[in-house]
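These notes are about the structure you will find just below.
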Amino acid sequence: MKKIIIGAALLGSSMTASAVAPGGPGCGWGNLLFEGSSGLPAHLLATIVNGTSGNATFGMTSGTNGCDTSGTLTYSGNSLLAMNGVLEEVAQDMAVGHGEALTALTVAMQIDPADRDHFNSVMHQNFAQIFPRDDVSSGEVMDNINTVMKRDDRLSHYVS
Amino acid sequence: MLWLCVVLWGAGTQAATVPDFAALAATPRWQALMHVNPGATLRGVGTSYVDDADFFLATDGKADPEAELRATWRALEPAQSQARCRFPARYRFLATRLGWHESAPLAHCDDYLAWRAQMPIGQLVLVFPAAYLNSPSSMFGHTLLRLDAEPDPDAVWLSRAINFGAQAGGADNSLFYIWRGLAGGYPGQFSVTSYVEKIRDYAFVENRDMWEYALDLDAGEIDWVVSHLWELRGINFDYYFFDENCSFRLLELIKVARPQAPLMTELRFAELPVNTVRALYGADLVAERRYRPSKAVELEALAARLDANERALAADLRDDPARVDTPAFKAYPPPRRHLMAQVAYQALRLRNREGARDPDVARKSLALLRVVQRNPAPPPQPVPEPAPPERGHGTQTVNLGVGRQDGRDFLAFGYRLTYHDLFDPLAGFLPGAAIEGLDVQLRLDERDGLALESLDLVNIRSLAPRSEFVKPISWFVHAGLEQTPVADRARALGGFVQGGPGASWRFGDLFPYVFAVARLESVSGTDPDAALGGGAEAGLAYQAESVQWGLHARWLEFTSQFARLRTGVTANVPVSPDNALRGECSHERWQGEAVAGCSVSFRHFFD
């Protein structure tokens, strides 16, 4: 049974991964991986995998790789934002008004494709409220997105 | 009486249900599920590539696919069998072939069903992260698979990545890595992660462009891959750098989806990821190709929309966002301000893409994004797409040419195992990056006969252009044997190692560069027999798809009180994707002696 849980976690099941302690087998890639087929030391530089918390702060870099205790593969908007580096991409897309990170967020939040452009422009207009401080956390950003959506006639029904 | 019944019953069951194992085991699907080597690599032809007893139910399952099939049949046939939960793809194989018709044969497999419910089956995509800036060894590339929820999904950030990688212990040093990597000393395993992590690793952190090849597989075929992945969880394959590597294993996985695909029909020595892409094209498996530029390329494309003044202003903004309040910035119309602030933001992010969170960078980032948001965006422009990697020249090279040196004609010929130098056809390669391994050049001369001109073990050169926004250090390293000038005017074969850091810039297709050079050489029969030198090199490289040329001058001063100056010019014209013509001239001067020569050659790339 233990073996099955370990295997499932390696294969990335969020359900079983959450049954495993942070830094446990699901994060068992905390050793060194090499990828590709070059035979040169420069390319053998290891990827050191660290665990991440379930929340990210704006400005966190994407240098560390999350084995992600919040369940990388369950795509709520919240867990997507909590992934390292995603918050900055979403912030940039909101400032510009569109982008791949913002689209991923709408899909994760199960926003109807017909409402996506509207969602994008509402997020763009309310950028200052959604990202009020430079140390805002992903959880706060999610709350702020929900608050903005609640005020909008077309988007309010997505927020329970 | 009882006896007879038992015997008869037994015989009756067998006659009715025992399948023709030999024929079944020989089917391409079973061979694919077993990862049987069809002769694609030299080790263990006819046996399974899997190096893990947990994968086999029969004791000799690795060597005998038929015995494994028998054991699988015995284990999977009973309803409620736990082995079904372990091997759902094998179950599907047997059920399909033997006409088992249970309505919910895996209903008792809770773990598998829970995992399975989270695995999308819409589209399978081969992903090729190309070379990254200033790391020519990454030119060999990498491949992984992406599993999407639907064909042509809106958000691939939410897709799964299927990767095969070696797992190495943290304590080994890099030399040991190479040895064990070559010798199959590391176990490799498949893993499934989130694709957005891979985008982050490759496109954001390592700055590699990614090429995504959607495969022409239907849901039923993808289903084979997914259920088989479950069978491979935690299963080890020995990882061999050259042949049984990340790319090779993916071919095996695609064979599980479509066993009849001609993917492993020939011997595949040194499986390069780009050849995996070509194999998929050859098997008619590629439906569509997409380009995903890295963050560095995105920034470059965005910065290219600015003029020199705007770029300088953007670099200032990156360092101090408060400059948005200066008259110089305010004089620009809002769409230009938007663009400058966006370039500044992306440059800031690119520079700080690794390391701990820096509050100052976070403050600047948000300040810049506010400027981006306040000023309306100009119409977006897509990043120009370079030639895809599979359009690049073949990985091995042969060359044949004629030349003249010091009044004597010679015939030159050679072979290079891998891969690309600065003057080889550029299409499909990263400009400014070169890596060569095992390059043998011979000369046939009217007086001296056949002689080794040079043997490069490794020759890597990285011209990483510096700009307002990035300041990488270029570098080169080169080791091998070559005909070396010696004091009495004759040249003699000597071994050498040289290398050094440098800087390069880019003006359109022109790359000027400078390097510091350190060189250690040893020429037999000279005194002293080893010499250490230092010096500098400066040059120009022109990198365009239609023609490549360059010139260089290298000056070296040795501790043993002699100096050498070498100058050269090279031009290369691709005549077809796998053929090129090259002309070269060089002049080398030392201690009052000099040697000059020119040659023209035909270069053919293959495999």
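In the structure tokens, each chain is lettered A, B, ... as it comes, each chain's residues begin at 1, and ligands are numbered from 1 in order of appearance.
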What residues in stretch 231-383 of chain B get the DSSP label alpha helix (DSSP H)? Please answer as number ranges by chain. B: 231, 246-257, 273-282, 295-303, 308-319, 327-330, 334-351, 359-374
Which chain B residues are at most 6 Å from chain A (counting only C-alpha atoms), as a list of chain:residue names?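 Putting it all together, I get B:Trp115, B:Phe140, B:Gly141, B:His142, B:Ala155, B:Trp157, B:Gly165, B:Ala166, B:Gln167, B:Ala168, B:Gly170, B:Ser174, B:Ser191, B:Val192, B:Thr193, B:Arg233, B:Gly234, B:Phe241, B:Arg353, B:Glu354, B:Gly355, B:Arg357, B:Ala362, B:Arg363, B:Leu366, B:Leu369, B:Val372, B:Gln373.
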Nearby residues (only C-alpha atoms) at most 10 Å from B:Glu521, same-chain spacing under 6 positions excluded, as a PyMOL selection string: chain B and resi 479-482+484+494-498+529-533+558
What's the separation between atom CA of B:Leu113 and atom CA of B:Gln82, in Å to one decimal place?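 Computing the Euclidean distance for atom CA of B:Leu113 and atom CA of B:Gln82 yields 13.1 Å.
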Pick out the closest residue to B:Gly44 from this set: B:Leu581, B:Ala63, B:Ile435, B:Ile235. Count only C-alpha atoms.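 Checking each of B:Leu581, B:Ala63, B:Ile435, B:Ile235 against B:Gly44, counting only C-alpha atoms, the winner is B:Ala63.
Reported to one decimal place, the separation of atom CA of B:Ala322 from atom CA of B:Ala367 is 8.2 Å.
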Which residues are close to B:Leu452, i.e. within 8 Å by only C-alpha atoms, leaving aside same-chain residues fewer than 3 positions away? Reply as a list in words.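 The filter keeps Val440, Gln441, Leu442, Arg443, Leu455, Glu482, Gln483 and Leu493 of chain B.
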